[in-house]
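Participant: For reference, the file work_26.cif (mmCIF, C-alpha atoms and all ligand atoms) is included below:
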data_final
loop_
_atom_site.label_atom_id
_atom_site.label_comp_id
_atom_site.auth_asym_id
_atom_site.auth_seq_id
_atom_site.Cartn_x
_atom_site.Cartn_y
_atom_site.Cartn_z
CA MET A 1 -12.15 -20.52 -30.75
CA SER A 2 -11.26 -17.14 -32.22
CA LEU A 3 -9.00 -15.00 -30.08
CA ASP A 4 -7.99 -11.33 -30.06
CA LEU A 5 -4.50 -11.96 -28.75
CA VAL A 6 -2.24 -14.77 -27.53
CA ILE A 7 0.56 -14.20 -25.02
CA ARG A 8 3.10 -16.96 -25.62
CA GLY A 9 5.65 -18.48 -23.26
CA ALA A 10 4.60 -16.99 -19.90
CA ARG A 11 5.21 -18.56 -16.50
CA LEU A 12 2.32 -18.22 -14.05
CA SER A 13 4.33 -19.40 -11.04
CA ASP A 14 7.89 -20.16 -10.02
CA GLY A 15 9.28 -23.20 -11.79
CA ALA A 16 6.10 -23.79 -13.82
CA ALA A 17 6.39 -24.67 -17.50
CA PRO A 18 5.64 -21.74 -19.84
CA VAL A 19 2.06 -21.52 -21.10
CA ASP A 20 0.11 -19.50 -23.65
CA ILE A 21 -2.70 -17.16 -22.58
CA GLY A 22 -5.62 -16.64 -24.97
CA ILE A 23 -7.50 -13.33 -24.65
CA ARG A 24 -10.86 -12.35 -26.14
CA GLY A 25 -13.09 -9.39 -25.30
CA GLY A 26 -10.73 -8.28 -22.53
CA ARG A 27 -10.89 -11.58 -20.67
CA ILE A 28 -8.69 -14.65 -20.40
CA VAL A 29 -10.49 -17.43 -22.23
CA ASP A 30 -7.81 -20.11 -22.44
CA ILE A 31 -4.55 -21.12 -20.78
CA ALA A 32 -2.63 -24.01 -22.38
CA PRO A 33 0.93 -25.07 -23.22
CA ASP A 34 0.57 -24.45 -26.95
CA LEU A 35 -2.51 -22.59 -28.16
CA SER A 36 -3.15 -22.80 -31.87
CA SER A 37 -4.58 -19.51 -33.06
CA GLU A 38 -4.38 -17.08 -35.97
CA ALA A 39 -4.56 -14.15 -33.55
CA SER A 40 -1.70 -11.70 -33.10
CA THR A 41 0.82 -12.79 -30.48
CA MET A 42 3.09 -11.32 -27.83
CA ASP A 43 6.16 -13.22 -26.66
CA ALA A 44 6.59 -13.29 -22.87
CA GLY A 45 10.01 -14.91 -23.24
CA GLY A 46 9.52 -17.24 -20.28
CA GLY A 47 9.05 -14.32 -17.87
CA LEU A 48 6.76 -14.34 -14.87
CA LEU A 49 3.24 -13.07 -15.57
CA ILE A 50 1.29 -11.63 -12.63
CA ARG A 51 -1.85 -9.54 -12.09
CA GLY A 52 0.37 -6.67 -11.00
CA PHE A 53 1.46 -5.33 -7.63
CA ALA A 54 -0.85 -3.91 -4.95
CA ASP A 55 0.09 -0.89 -2.81
CA SER A 56 -2.05 -0.99 0.34
CA HIS A 57 -0.91 2.36 1.77
CA LEU A 58 -0.15 5.38 -0.42
CA HIS A 59 -0.87 9.06 0.35
CA LEU A 60 -1.68 10.71 -2.97
CA ASP A 61 -2.99 13.95 -1.45
CA LYS A 62 0.28 15.01 0.20
CA ALA A 63 2.71 13.62 -2.40
CA CYS A 64 5.22 15.74 -4.36
CA ILE A 65 5.30 18.80 -2.07
CA LEU A 66 9.04 19.13 -1.38
CA ASP A 67 8.97 22.48 -3.21
CA ARG A 68 6.73 23.94 -0.49
CA ALA A 69 7.12 21.80 2.67
CA HIS A 70 10.36 21.08 4.52
CA ASN A 71 10.86 18.79 7.53
CA GLN A 72 12.96 21.03 9.81
CA THR A 73 13.89 18.30 12.31
CA GLY A 74 13.58 15.09 10.31
CA THR A 75 11.19 13.79 12.98
CA LEU A 76 7.55 12.69 12.83
CA LYS A 77 6.55 16.01 14.42
CA GLY A 78 8.62 17.91 11.86
CA ALA A 79 6.82 16.09 9.04
CA LEU A 80 3.35 16.57 10.56
CA ASP A 81 3.96 20.31 11.15
CA ALA A 82 5.28 20.85 7.62
CA VAL A 83 2.30 19.13 5.99
CA THR A 84 -0.24 20.84 8.27
CA ALA A 85 1.14 24.22 7.16
CA ALA A 86 1.27 23.30 3.46
CA LYS A 87 -2.21 21.77 3.52
CA ARG A 88 -3.83 25.21 4.01
CA ASP A 89 -3.06 25.94 0.36
CA PHE A 90 -4.11 22.55 -1.07
CA THR A 91 -6.88 22.78 -3.65
CA THR A 92 -8.72 20.05 -5.50
CA ALA A 93 -6.89 20.88 -8.75
CA ASP A 94 -3.50 20.88 -6.98
CA VAL A 95 -4.11 17.51 -5.26
CA TYR A 96 -5.37 16.08 -8.54
CA ALA A 97 -2.23 17.16 -10.44
CA ARG A 98 0.18 15.79 -7.81
CA GLY A 99 -1.81 12.58 -7.37
CA ALA A 100 -1.80 12.05 -11.15
CA ARG A 101 2.03 12.32 -11.18
CA VAL A 102 2.20 9.56 -8.57
CA LEU A 103 -0.30 7.31 -10.35
CA ASP A 104 1.59 7.73 -13.64
CA LYS A 105 4.73 6.47 -11.90
CA ALA A 106 2.90 3.61 -10.14
CA ILE A 107 1.33 2.34 -13.38
CA GLY A 108 4.77 2.20 -15.03
CA GLN A 109 6.03 0.15 -12.09
CA GLY A 110 3.34 -2.51 -12.57
CA THR A 111 1.02 -1.45 -9.73
CA THR A 112 -2.60 -2.25 -10.56
CA LEU A 113 -4.33 -1.86 -7.18
CA ILE A 114 -3.88 0.96 -4.64
CA ARG A 115 -5.45 1.89 -1.32
CA THR A 116 -4.93 5.63 -0.88
CA GLN A 117 -5.15 7.31 2.52
CA VAL A 118 -6.83 10.74 2.26
CA GLU A 119 -6.73 13.39 5.00
CA ILE A 120 -10.02 14.87 6.15
CA ASP A 121 -10.29 17.81 8.58
CA PRO A 122 -12.00 21.22 8.72
CA VAL A 123 -9.05 22.97 6.99
CA ILE A 124 -8.77 20.72 3.89
CA GLY A 125 -12.45 19.79 4.05
CA LEU A 126 -13.34 17.43 1.19
CA ALA A 127 -10.99 19.09 -1.34
CA GLY A 128 -8.45 16.23 -1.27
CA PHE A 129 -11.19 13.61 -1.26
CA ASP A 130 -12.88 15.19 -4.28
CA ALA A 131 -9.57 15.15 -6.19
CA VAL A 132 -8.84 11.52 -5.35
CA ARG A 133 -12.37 10.47 -6.24
CA GLN A 134 -11.85 12.05 -9.68
CA LEU A 135 -8.49 10.26 -9.99
CA ARG A 136 -10.22 6.96 -9.17
CA ALA A 137 -12.56 7.50 -12.12
CA ASP A 138 -9.96 8.90 -14.54
CA TYR A 139 -7.38 6.15 -13.90
CA ALA A 140 -9.78 3.20 -14.01
CA TRP A 141 -8.20 2.35 -17.41
CA ALA A 142 -5.06 1.21 -15.59
CA LEU A 143 -5.72 0.49 -11.92
CA ASP A 144 -8.24 0.14 -9.10
CA LEU A 145 -8.07 2.89 -6.50
CA GLN A 146 -9.55 2.33 -3.04
CA ILE A 147 -10.14 5.48 -0.96
CA CYS A 148 -9.50 5.40 2.79
CA VAL A 149 -10.52 8.67 4.46
CA PHE A 150 -8.94 9.37 7.84
CA PRO A 151 -8.41 12.10 10.48
CA GLN A 152 -4.63 12.71 10.31
CA GLU A 153 -4.81 15.55 12.85
CA GLY A 154 -7.05 13.75 15.34
CA LEU A 155 -10.78 13.17 15.66
CA LEU A 156 -12.12 13.89 19.15
CA ASN A 157 -9.77 16.88 19.55
CA TYR A 158 -10.82 18.49 16.26
CA PRO A 159 -14.51 19.49 16.11
CA GLY A 160 -16.03 19.22 12.64
CA THR A 161 -13.80 16.35 11.51
CA GLU A 162 -16.28 13.55 12.17
CA GLU A 163 -19.04 15.28 10.18
CA LEU A 164 -16.68 15.58 7.19
CA LEU A 165 -15.62 11.92 7.47
CA ARG A 166 -19.29 10.96 7.48
CA ALA A 167 -19.90 13.07 4.39
CA ALA A 168 -16.98 11.38 2.57
CA LEU A 169 -18.20 7.90 3.56
CA THR A 170 -21.61 8.83 2.16
CA GLN A 171 -20.08 10.22 -1.05
CA GLY A 172 -18.01 7.22 -2.13
CA ALA A 173 -15.10 6.67 0.25
CA ASP A 174 -14.40 2.93 0.45
CA LEU A 175 -13.18 2.68 4.03
CA LEU A 176 -12.18 4.57 7.15
CA GLY A 177 -8.76 5.17 8.69
CA GLY A 178 -7.50 6.42 12.01
CA CYS A 179 -4.55 8.13 13.63
CA PRO A 180 -4.85 7.74 17.42
CA TYR A 181 -1.36 9.10 18.12
CA THR A 182 -2.34 12.63 17.07
CA ASP A 183 -5.51 12.65 19.19
CA THR A 184 -5.66 14.00 22.74
CA ASP A 185 -7.85 10.95 23.53
CA PRO A 186 -6.33 8.01 21.59
CA VAL A 187 -8.52 5.33 23.16
CA GLY A 188 -11.65 7.40 22.55
CA HIS A 189 -10.45 7.91 18.95
CA ILE A 190 -10.17 4.14 18.48
CA ALA A 191 -13.64 3.52 19.96
CA ARG A 192 -15.15 6.19 17.67
CA ILE A 193 -13.64 4.86 14.42
CA PHE A 194 -14.76 1.31 15.23
CA ALA A 195 -18.30 2.56 15.89
CA MET A 196 -18.30 4.47 12.59
CA ALA A 197 -16.85 1.49 10.69
CA ARG A 198 -19.69 -0.69 11.96
CA GLU A 199 -22.28 1.97 11.18
CA PHE A 200 -21.09 2.38 7.57
CA ASP A 201 -20.09 -1.31 7.23
CA VAL A 202 -16.55 -0.48 6.02
CA ASP A 203 -13.07 -1.81 6.79
CA LEU A 204 -10.56 0.06 8.95
CA ASP A 205 -6.92 0.93 8.18
CA VAL A 206 -5.19 2.68 11.09
CA HIS A 207 -1.86 4.51 11.49
CA LEU A 208 -0.58 3.06 14.75
CA ASP A 209 2.22 3.04 17.31
CA PHE A 210 4.62 5.08 15.17
CA ASP A 211 7.54 5.42 17.62
CA LEU A 212 10.17 3.20 19.24
CA ASP A 213 9.02 3.18 22.88
CA PRO A 214 7.88 -0.38 23.72
CA SER A 215 6.61 0.58 27.20
CA TRP A 216 3.12 1.51 25.92
CA ARG A 217 1.04 1.00 22.78
CA HIS A 218 -2.46 1.09 21.28
CA MET A 219 -2.23 -2.23 19.41
CA ASP A 220 -3.84 -4.16 22.28
CA GLU A 221 -6.87 -1.84 22.25
CA ILE A 222 -7.21 -2.24 18.46
CA ALA A 223 -7.12 -6.05 18.87
CA ARG A 224 -9.68 -5.93 21.67
CA GLN A 225 -12.08 -3.73 19.67
CA THR A 226 -11.59 -5.81 16.49
CA ILE A 227 -12.75 -8.94 18.28
CA ALA A 228 -15.52 -7.13 20.21
CA HIS A 229 -16.96 -5.79 16.94
CA GLY A 230 -16.49 -9.07 15.02
CA MET A 231 -14.22 -7.28 12.53
CA GLN A 232 -11.58 -10.00 12.16
CA GLY A 233 -10.16 -9.83 8.62
CA ARG A 234 -11.34 -6.22 8.14
CA VAL A 235 -8.72 -4.23 10.09
CA ALA A 236 -5.17 -3.23 9.08
CA ILE A 237 -2.59 -1.35 11.13
CA GLY A 238 0.31 0.54 9.56
CA HIS A 239 3.83 1.42 10.80
CA VAL A 240 3.66 -0.17 14.31
CA THR A 241 7.39 0.58 14.50
CA LYS A 242 7.43 -0.26 18.21
CA LEU A 243 7.34 -3.93 17.20
CA SER A 244 10.94 -3.56 16.02
CA MET A 245 12.03 -2.94 19.62
CA LEU A 246 10.59 -6.12 21.17
CA PRO A 247 12.66 -9.10 22.34
CA PRO A 248 11.62 -12.48 20.87
CA ASP A 249 9.26 -13.57 23.65
CA ARG A 250 7.27 -10.33 23.63
CA LEU A 251 7.29 -10.32 19.83
CA ALA A 252 5.78 -13.83 19.87
CA ASP A 253 2.91 -12.54 22.04
CA SER A 254 2.30 -9.72 19.56
CA VAL A 255 2.29 -12.16 16.63
CA ALA A 256 -0.33 -14.28 18.41
CA MET A 257 -2.40 -11.16 19.17
CA LEU A 258 -2.62 -10.04 15.52
CA ARG A 259 -3.14 -13.59 14.25
CA ASP A 260 -5.95 -14.32 16.71
CA ALA A 261 -7.67 -10.97 16.01
CA GLY A 262 -7.29 -11.33 12.22
CA ILE A 263 -5.53 -7.96 11.92
CA ALA A 264 -3.25 -7.18 8.96
CA LEU A 265 0.14 -5.51 9.48
CA THR A 266 1.45 -2.94 6.99
CA VAL A 267 5.13 -1.96 6.99
CA LEU A 268 6.22 1.28 5.33
CA PRO A 269 10.00 0.87 5.28
CA ALA A 270 10.94 4.06 3.42
CA THR A 271 9.12 6.31 5.92
CA ASP A 272 9.88 4.21 9.00
CA LEU A 273 13.61 4.29 8.22
CA PHE A 274 13.60 8.02 7.43
CA ILE A 275 11.58 9.21 10.45
CA THR A 276 12.29 6.99 13.44
CA GLY A 277 15.37 6.91 15.68
CA ARG A 278 16.12 10.62 15.16
CA ASP A 279 17.04 10.96 18.85
CA HIS A 280 20.14 8.78 18.23
CA ASP A 281 23.35 10.26 16.83
CA HIS A 282 24.93 6.81 16.40
CA GLY A 283 23.77 3.20 16.51
CA VAL A 284 20.49 4.39 15.00
CA PRO A 285 17.73 1.73 15.36
CA ARG A 286 16.08 0.68 12.12
CA GLY A 287 12.51 1.02 13.36
CA VAL A 288 10.97 -1.33 10.80
CA ALA A 289 8.48 -3.88 12.17
CA PRO A 290 9.62 -7.49 11.45
CA ALA A 291 6.64 -8.29 9.21
CA HIS A 292 8.27 -11.51 7.96
CA VAL A 293 7.89 -13.04 11.45
CA PHE A 294 4.17 -12.19 11.47
CA HIS A 295 3.76 -13.44 7.89
CA ALA A 296 5.37 -16.76 8.75
CA ALA A 297 2.73 -17.19 11.48
CA GLY A 298 -0.11 -16.60 9.02
CA VAL A 299 -0.76 -12.87 9.59
CA CYS A 300 -1.74 -10.92 6.45
CA CYS A 301 1.21 -8.55 5.92
CA THR A 302 1.88 -5.85 3.35
CA VAL A 303 4.87 -3.72 2.43
CA ALA A 304 3.79 -0.40 0.96
CA THR A 305 5.02 2.97 -0.33
CA ASN A 306 3.27 5.37 2.09
CA ASN A 307 4.75 8.67 0.93
CA VAL A 308 6.40 10.04 -2.20
CA LEU A 309 8.59 13.16 -2.23
CA ASN A 310 7.26 14.85 0.91
CA PRO A 311 8.43 15.68 4.48
CA PHE A 312 7.72 12.10 5.65
CA THR A 313 9.73 10.50 2.82
CA PRO A 314 11.75 12.68 0.43
CA TYR A 315 12.17 9.78 -2.03
CA GLY A 316 9.96 7.77 -4.27
CA ASP A 317 9.67 6.02 -7.62
CA CYS A 318 6.52 4.07 -6.62
CA SER A 319 8.30 0.75 -7.24
CA LEU A 320 6.91 -1.95 -4.98
CA PRO A 321 9.70 -4.45 -5.86
CA ARG A 322 12.12 -1.76 -4.62
CA MET A 323 10.13 -1.45 -1.38
CA ALA A 324 10.15 -5.25 -0.91
CA ASN A 325 13.90 -5.26 -1.57
CA LEU A 326 14.40 -2.46 0.97
CA PHE A 327 12.41 -4.41 3.56
CA ALA A 328 14.38 -7.60 2.83
CA ASN A 329 17.66 -5.71 3.18
CA VAL A 330 16.67 -4.08 6.49
CA ALA A 331 15.28 -7.34 7.87
CA GLN A 332 18.44 -9.16 6.69
CA LEU A 333 16.52 -11.67 4.56
CA GLY A 334 18.36 -13.51 1.80
CA GLU A 335 17.01 -17.06 1.59
CA THR A 336 14.72 -17.82 -1.34
CA GLY A 337 11.77 -18.62 0.94
CA ASP A 338 12.14 -15.30 2.76
CA LEU A 339 12.41 -13.31 -0.48
CA ASP A 340 9.33 -15.13 -1.74
CA ARG A 341 7.56 -13.97 1.43
CA CYS A 342 8.59 -10.38 0.63
CA PHE A 343 7.09 -10.75 -2.86
CA ALA A 344 3.83 -11.97 -1.29
CA MET A 345 3.73 -8.80 0.82
CA ILE A 346 3.48 -6.63 -2.34
CA SER A 347 1.16 -8.96 -4.25
CA ASP A 348 -0.86 -11.84 -2.74
CA ASP A 349 -1.37 -10.28 0.71
CA PRO A 350 -2.36 -6.72 -0.30
CA PHE A 351 -4.63 -8.10 -3.05
CA ARG A 352 -6.38 -10.20 -0.39
CA LEU A 353 -6.48 -7.33 2.13
CA LEU A 354 -8.14 -5.07 -0.44
CA GLY A 355 -10.66 -7.76 -1.40
CA HIS A 356 -9.22 -8.66 -4.80
CA ARG A 357 -7.80 -11.87 -6.31
CA ALA A 358 -4.16 -12.14 -7.32
CA ASP A 359 -4.32 -15.37 -9.35
CA ILE A 360 -4.59 -15.62 -13.13
CA THR A 361 -7.43 -17.92 -14.20
CA VAL A 362 -9.60 -18.63 -17.21
CA GLY A 363 -12.62 -16.33 -17.07
CA SER A 364 -10.89 -13.51 -15.23
CA ARG A 365 -10.28 -10.06 -16.73
CA ALA A 366 -7.02 -9.86 -18.68
CA ASP A 367 -5.15 -7.70 -16.15
CA LEU A 368 -1.56 -8.80 -16.63
CA VAL A 369 1.96 -7.54 -15.88
CA LEU A 370 5.10 -9.19 -17.26
CA LEU A 371 8.22 -9.38 -15.08
CA PRO A 372 11.71 -9.88 -16.53
CA CYS A 373 12.64 -12.38 -13.78
CA ALA A 374 12.11 -16.12 -13.63
CA SER A 375 10.93 -16.18 -10.02
CA ARG A 376 9.26 -14.14 -7.32
CA ALA A 377 12.38 -14.21 -5.14
CA ALA A 378 14.53 -12.98 -8.05
CA THR A 379 12.09 -10.10 -8.60
CA VAL A 380 12.72 -8.92 -5.02
CA ALA A 381 16.47 -9.58 -5.10
CA GLU A 382 17.01 -7.82 -8.45
CA ILE A 383 14.23 -5.18 -8.10
CA GLY A 384 12.76 -6.58 -11.30
CA ARG A 385 11.19 -3.80 -13.32
CA PRO A 386 8.01 -4.84 -15.17
CA LEU A 387 8.31 -4.87 -18.98
CA TRP A 388 4.66 -4.18 -19.81
CA GLY A 389 1.17 -4.28 -18.41
CA MET A 390 -2.35 -4.60 -19.72
CA ARG A 391 -5.80 -4.10 -18.27
CA ALA A 392 -8.81 -5.88 -19.72
CA GLY A 393 -6.61 -6.87 -22.66
CA ARG A 394 -5.56 -3.30 -23.51
CA MET A 395 -1.89 -2.34 -23.06
CA SER A 396 -1.51 0.12 -20.17
CA PHE A 397 2.26 0.63 -20.23
CA ASP A 398 5.38 -0.52 -22.02
CA ALA A 399 8.90 -0.35 -20.51
CA PRO A 400 11.33 -2.36 -22.62
CA ALA A 401 14.55 -3.59 -21.03
CA PRO A 402 17.66 -1.53 -21.86
CA ARG A 403 19.26 -2.53 -25.18
CA LEU A 404 23.01 -2.72 -24.82
CA LEU A 405 25.13 -1.38 -27.64
CA LYS A 406 28.14 -3.69 -27.38
CA PRO A 407 31.18 -3.00 -29.59
ZN ZN A 501 0.33 6.70 6.10
#
If you took the structure in this file and wrote it as structure tokens, what would it be?
Facilitator:
Amino acid sequence: MSLDLVIRGARLSDGAAPVDIGIRGGRIVDIAPDLSSEASTMDAGGGLLIRGFADSHLHLDKACILDRAHNQTGTLKGALDAVTAAKRDFTTADVYARGARVLDKAIGQGTTLIRTQVEIDPVIGLAGFDAVRQLRADYAWALDLQICVFPQEGLLNYPGTEELLRAALTQGADLLGGCPYTDTDPVGHIARIFAMAREFDVDLDVHLDFDLDPSWRHMDEIARQTIAHGMQGRVAIGHVTKLSMLPPDRLADSVAMLRDAGIALTVLPATDLFITGRDHDHGVPRGVAPAHVFHAAGVCCTVATNNVLNPFTPYGDCSLPRMANLFANVAQLGETGDLDRCFAMISDDPFRLLGHRADITVGSRADLVLLPCASRAATVAEIGRPLWGMRAGRMSFDAPAPRLLKP
């Protein structure tokens, strides 16, 4: 069989023998230990080959605004106030330019699938959505972008917001989000987004329980509505930092609740660590939900970037291996099995949550990213930086390892 390209010596899973990957017409047409072909070759050097990383929660519209928005208090309220003020001047061209900077970084870090959360309200209107929709089209050469529109500033308390969300869902948004904690009627907010999700037949991805007070929460209402609407497997909740404050017995109840309702848990360690616990001047709690405990019980869990260079998170290189390493460090995980779990939370689980496949098989599109590490756990431990990526057989980035100039 004639081939366009052969990738030689790649490992498709931990401990597997290296194989060759034959590519033709942008698709994988053969996988075998030693492919004989006249086609040009690339040497994978025994590295791990994956379909890329998936970022299930990334705000493109409010990224890269540190030059114009400052979090005065370091708190969640300080971040919300700063972005609300800056958002008045957002335009479609401005959001597009900042979003493109983030996507350029993400592609170079091996991310090939992103769910982006886009704010909709009467002030920003559909300006951010229009920009992100254009980014989705313009960056299709390198990644899949899924658009989640949501009411960051509340829904029932902010007349005009629902009509705009409906317009976005009609004009190409992929799913709906929520933010009950900013609404004057959080339970009504939850009921409304579930009703809209059913009406438009879309998944839900909700910002939830973003504080450290375990005496109350909205997670139970989300679980109840998920089951009532038959939406098991179609709902994700992000942050849920309260879970970090629960003793083991209450945590076990929460694990059972999410597992039984088929709800995915997204942890955003960079933001959760930066924002929560600001009322402590020592012994600061970490405020990162123990996703590994939920994952071990079979709950779909993701670790994601959330924010890049803004009042919620003044950092960001868009590296998902760095985020998985940060989570592992905070959660005090060091065993190989636990680090492997952290890798799954930036690959297998978010791919599944977003409705994509993470495995590399004959017949699938040649979307491939080469890692410099021999295993998934090593990629998390060493923050393995991808060496190159391709989409449909075309190279999408190239980041060679440093070449040392020894004496
Ligand atoms: Zn978010």
Participant: Around ligand ZN 501 (chain A), at most 7 Å away and counting all atoms listed in the file, which residues are there? Put them as a ChimeraX atom specification, please.
Facilitator: /A:57-59,117,207,306
Participant: Need the shell around Ala392 (chain A): protein/DNA/RNA residues with any atom at most 6 Å away, counting all atoms listed in the file. Skip same-chain ones fewer than 3 positions apart. Format as a PDB file with C-alpha atoms, in the coordinates of the input?
Facilitator:
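File produced: selection.pdb:
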ATOM      1  CA  GLY A  26     -10.730  -8.280 -22.530  1.00  0.00           C
ATOM      2  CA  ARG A 365     -10.280 -10.060 -16.730  1.00  0.00           C
ATOM      3  CA  ALA A 366      -7.020  -9.860 -18.680  1.00  0.00           C
ATOM      4  CA  ASP A 367      -5.150  -7.700 -16.150  1.00  0.00           C
TER       5      ASP A 367
END
Participant: Extract, using only C-alpha atoms, all DNA, RNA and protein residues at most 6 Å from region 3-8 of chain A, discarding same-chain residues fewer than 4 positions from it, and format them as a list in words.
Facilitator: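 Counting only the stated atoms, we get Asp20, Ile21, Gly22, Ile23, Arg24, Ala39, Ser40, Thr41, Met42, Asp43 and Ala44 of chain A.
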Participant: Skip Val83 (chain A) itself and residues of its chain fewer than 3 positions away, then list as an NGL selection string all residues within 8 Å of it, counting all atoms listed in the file.
Facilitator: :A and (62 or 69 or 79-80 or 86-87 or 311)
Participant: Which one is closest to Leu371 (chain A): A:Asp201, A:Asp359, A:Asp398, A:Glu162? Count all atoms listed in the file.
Facilitator: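 Nearest to Leu371 (chain A): A:Asp398.
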Participant: Kindly output region 258-271 of chain A as a JSON list (two decimals), in the coordinates of the input, after building N, CA, C and O atoms.
Facilitator:
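As a result, part.json now contains:
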[["chain", "number", "residue", "atom", "x", "y", "z"],
["A", 258, "LEU", "N", -2.12, -10.43, 16.84],
["A", 258, "LEU", "CA", -2.62, -10.04, 15.52],
["A", 258, "LEU", "C", -3.23, -11.23, 14.79],
["A", 258, "LEU", "O", -4.26, -11.10, 14.12],
["A", 259, "ARG", "N", -2.61, -12.40, 14.93],
["A", 259, "ARG", "CA", -3.14, -13.59, 14.25],
["A", 259, "ARG", "C", -4.53, -13.92, 14.79],
["A", 259, "ARG", "O", -5.47, -14.14, 14.03],
["A", 260, "ASP", "N", -4.69, -13.92, 16.11],
["A", 260, "ASP", "CA", -5.95, -14.32, 16.71],
["A", 260, "ASP", "C", -7.06, -13.29, 16.44],
["A", 260, "ASP", "O", -8.24, -13.64, 16.41],
["A", 261, "ALA", "N", -6.66, -12.01, 16.27],
["A", 261, "ALA", "CA", -7.67, -10.97, 16.01],
["A", 261, "ALA", "C", -7.89, -10.75, 14.51],
["A", 261, "ALA", "O", -8.72, -9.94, 14.12],
["A", 262, "GLY", "N", -7.12, -11.48, 13.67],
["A", 262, "GLY", "CA", -7.29, -11.33, 12.22],
["A", 262, "GLY", "C", -6.98, -9.93, 11.74],
["A", 262, "GLY", "O", -7.65, -9.38, 10.87],
["A", 263, "ILE", "N", -5.93, -9.33, 12.29],
["A", 263, "ILE", "CA", -5.53, -7.96, 11.92],
["A", 263, "ILE", "C", -4.32, -8.03, 10.99],
["A", 263, "ILE", "O", -3.37, -8.77, 11.23],
["A", 264, "ALA", "N", -4.36, -7.24, 9.91],
["A", 264, "ALA", "CA", -3.25, -7.18, 8.96],
["A", 264, "ALA", "C", -2.23, -6.14, 9.41],
["A", 264, "ALA", "O", -2.58, -5.13, 10.01],
["A", 265, "LEU", "N", -0.96, -6.42, 9.11],
["A", 265, "LEU", "CA", 0.14, -5.51, 9.48],
["A", 265, "LEU", "C", 0.76, -4.95, 8.20],
["A", 265, "LEU", "O", 1.16, -5.70, 7.31],
["A", 266, "THR", "N", 0.83, -3.60, 8.13],
["A", 266, "THR", "CA", 1.45, -2.94, 6.99],
["A", 266, "THR", "C", 2.75, -2.26, 7.42],
["A", 266, "THR", "O", 2.76, -1.49, 8.39],
["A", 267, "VAL", "N", 3.83, -2.57, 6.71],
["A", 267, "VAL", "CA", 5.13, -1.96, 6.99],
["A", 267, "VAL", "C", 5.44, -0.97, 5.89],
["A", 267, "VAL", "O", 5.21, -1.23, 4.71],
["A", 268, "LEU", "N", 5.95, 0.20, 6.28],
["A", 268, "LEU", "CA", 6.22, 1.28, 5.33],
["A", 268, "LEU", "C", 7.70, 1.63, 5.46],
["A", 268, "LEU", "O", 8.06, 2.65, 6.07],
["A", 269, "PRO", "N", 8.58, 0.79, 4.93],
["A", 269, "PRO", "CA", 10.00, 0.87, 5.28],
["A", 269, "PRO", "C", 10.67, 2.20, 4.92],
["A", 269, "PRO", "O", 11.52, 2.66, 5.69],
["A", 270, "ALA", "N", 10.27, 2.82, 3.82],
["A", 270, "ALA", "CA", 10.94, 4.06, 3.42],
["A", 270, "ALA", "C", 10.70, 5.15, 4.47],
["A", 270, "ALA", "O", 11.63, 5.85, 4.89],
["A", 271, "THR", "N", 9.46, 5.29, 4.91],
["A", 271, "THR", "CA", 9.12, 6.31, 5.92],
["A", 271, "THR", "C", 9.65, 5.92, 7.29],
["A", 271, "THR", "O", 10.22, 6.74, 8.01]]
